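Colleague: Mind looking over this structure? Questions follow.
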Amino acid sequence: MIETFFFLLFAVMAAVGAVMMIGSRNPVASLMYLVLAFFALSGIFVLLDAHFLAAVQVIVYTGAILVLFLFVIMLLNLGHREEVDVRGLAARLVALVAGAGLFAFVGALVTRGGRATIAGDAGRQMVEALLASRGAVGAVAEPLFTSYLVPFEVTSLLLLVAIVGAIVLARRRAP
Amino acid sequence: MNLDIETGSLALSAFLFAVGAAGVLVRRNAIIMFMCVELMLNAVNLTLVVFSRSLGFEAQVLVFFVMAVAAAEAAVGLAIIIAIFRHYELVDVDRFNLLRW
């Protein structure tokens, strides 16, 4: 029962944060609503037994990526721009229709396919046994460092390329 | 009880994805469009976490990769925004026309 209460709490926080993010004029306020939504998502990860990912969500997403966004907003001095950057009525209607259609489509697809998938108890018992035997970190680390070792190393290469690319792109050209 | 939370999470992830897509359509500030893309990536992550409970923990490894790719994408994208801002002094995507002829 208490799980349902916290799920509803976090779901409402995430939904409100997301809607306020696209609605608020100030980019800094927008970013703070996104932080709220991501914190709520990390709470939902905890409710879904993904403890390691909940920690990574707070540390990497909220702590690093969103702070990077905040640095860029600060660097470009956009925080007090009063000029509205929301598009006009036609684009809002298009966005509303597209968003509602996407929600209906993806929601129907995912919940219908998902109900068939998550109904099975065998897989869940296997996951609970895995969590009990390896712990939250070991259960993710074991496949990551065995069957997904090559993608893991390629990801490190990707991050290196991204670092070099970001420096090259944002560097001030010599006059 | 568990089924409720999982189905609700799937519905929430669909909602967040739709809100992110609508945000990309409705805003003109390039940084906020990037933030909407991050929201869509997180909605997908939530779906993967829900399915990882019944289909195995490999889905959470995939979430891990999505986060790494999102970090790389944010770094390069923000660097591009800074480079464009140096040139045009604005971040409004309607007024960038350097690839338009």
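Residues are referred to by chain and number: the chain letter is A, B, ... according to the order shown in the structure tokens, the number counts from 1 in that chain, and ligands are numbered separately from 1 in the order shown.
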Residues of chain A were defined as contacting chain B if any atom lay at most 6 Å from it, counting only C-alpha atoms; please report them as a ChimeraX atom specification.
Modeller: /A:22,85-87,92,95,99,102-103,106-107,118,123-124,159,162,166,169-170
Colleague: Any idea what's packed within 7 Å of Ala40 in chain A, counting only C-alpha atoms, ignoring anything in its chain fewer than 5 positions away? Could you give it as a PyMOL selection string?
Modeller: chain A and resi 10-11+13-14
Colleague: Have a look at A:Ile163, A:Leu93, A:Leu109, A:Leu78 and name the one nearest to Arg25 in chain A; count only C-alpha atoms.
Modeller: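 Using only C-alpha atoms, the shortest distance to Arg25 in chain A belongs to A:Leu78.
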Colleague: Taking the DSSP assignment computed from this structure's backbone, write out as JSON, numbers by chain all residues of chain B that belong to alpha helix (DSSP H).
Modeller: {"B": [2, 3, 4, 5, 6, 7, 8, 9, 10, 11, 12, 13, 14, 15, 16, 17, 18, 19, 20, 21, 22, 23, 24, 25, 26, 30, 31, 32, 33, 34, 35, 36, 37, 38, 39, 40, 41, 42, 43, 44, 45, 46, 47, 48, 49, 50, 51, 52, 53, 54, 55, 58, 59, 60, 61, 62, 63, 64, 65, 66, 67, 68, 69, 70, 71, 72, 73, 74, 75, 76, 77, 78, 79, 80, 81, 82, 83, 84, 85, 86, 87, 88]}
Colleague: CA of Gly165 in chain A to CA of Asn26 in chain A: how many Å, to one decimal?
Modeller: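 CA of Asn26 in chain A lies 28.8 Å from CA of Gly165 in chain A.
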Colleague: Skipping near chain neighbours, those fewer than 3 positions away, what residues fall within 8 Å of range 53-55 of chain A using only C-alpha atoms, listed as a list in words?
Modeller: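 Result of the neighbour search: Leu41, Ser42, Gly43, Phe45, Val46, Ala50, Val58 and Ile59 of chain A; Gln60, Val63 and Phe64 of chain B.
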Colleague: Keeping only N, CA and C atoms, take the residues you just selected and write them out as an mmCIF file, in the first residue's frame.
Modeller:
```cif
data_model
loop_
_atom_site.group_PDB
_atom_site.id
_atom_site.type_symbol
_atom_site.label_atom_id
_atom_site.label_comp_id
_atom_site.auth_asym_id
_atom_site.auth_seq_id
_atom_site.Cartn_x
_atom_site.Cartn_y
_atom_site.Cartn_z
ATOM 1 N N LEU A 41 11.853 10.445 -10.933
ATOM 2 C CA LEU A 41 12.105 9.227 -11.696
ATOM 3 C C LEU A 41 13.051 8.309 -10.946
ATOM 4 N N SER A 42 14.037 8.894 -10.261
ATOM 5 C CA SER A 42 14.945 8.042 -9.508
ATOM 6 C C SER A 42 14.215 7.363 -8.351
ATOM 7 N N GLY A 43 13.238 8.050 -7.752
ATOM 8 C CA GLY A 43 12.421 7.402 -6.737
ATOM 9 C C GLY A 43 11.622 6.242 -7.313
ATOM 10 N N PHE A 45 12.570 4.468 -9.837
ATOM 11 C CA PHE A 45 13.542 3.392 -10.056
ATOM 12 C C PHE A 45 13.732 2.579 -8.780
ATOM 13 N N VAL A 46 13.766 3.254 -7.619
ATOM 14 C CA VAL A 46 13.896 2.529 -6.359
ATOM 15 C C VAL A 46 12.688 1.620 -6.150
ATOM 16 N N ALA A 50 15.432 -1.048 -8.975
ATOM 17 C CA ALA A 50 16.647 -0.714 -9.712
ATOM 18 C C ALA A 50 17.466 0.273 -8.872
ATOM 19 N N VAL A 58 20.663 9.970 -10.012
ATOM 20 C CA VAL A 58 20.890 11.197 -9.260
ATOM 21 C C VAL A 58 22.299 11.719 -9.495
ATOM 22 N N ILE A 59 23.296 10.807 -9.487
ATOM 23 C CA ILE A 59 24.679 11.275 -9.544
ATOM 24 C C ILE A 59 25.027 11.759 -10.949
ATOM 25 N N GLN B 60 18.843 -3.230 -17.701
ATOM 26 C CA GLN B 60 19.443 -2.155 -16.911
ATOM 27 C C GLN B 60 20.835 -1.801 -17.426
ATOM 28 N N VAL B 63 20.101 0.630 -20.016
ATOM 29 C CA VAL B 63 19.849 1.948 -19.426
ATOM 30 C C VAL B 63 21.166 2.662 -19.141
ATOM 31 N N PHE B 64 22.127 1.894 -18.645
ATOM 32 C CA PHE B 64 23.457 2.440 -18.366
ATOM 33 C C PHE B 64 24.081 3.031 -19.637
#
```
Colleague: What's the separation between CA of Pro27 in chain A and CA of Ile73 in chain A, in Å to one decimal place?
Modeller: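 Computing the Euclidean distance for CA of Pro27 in chain A and CA of Ile73 in chain A yields 7.3 Å.
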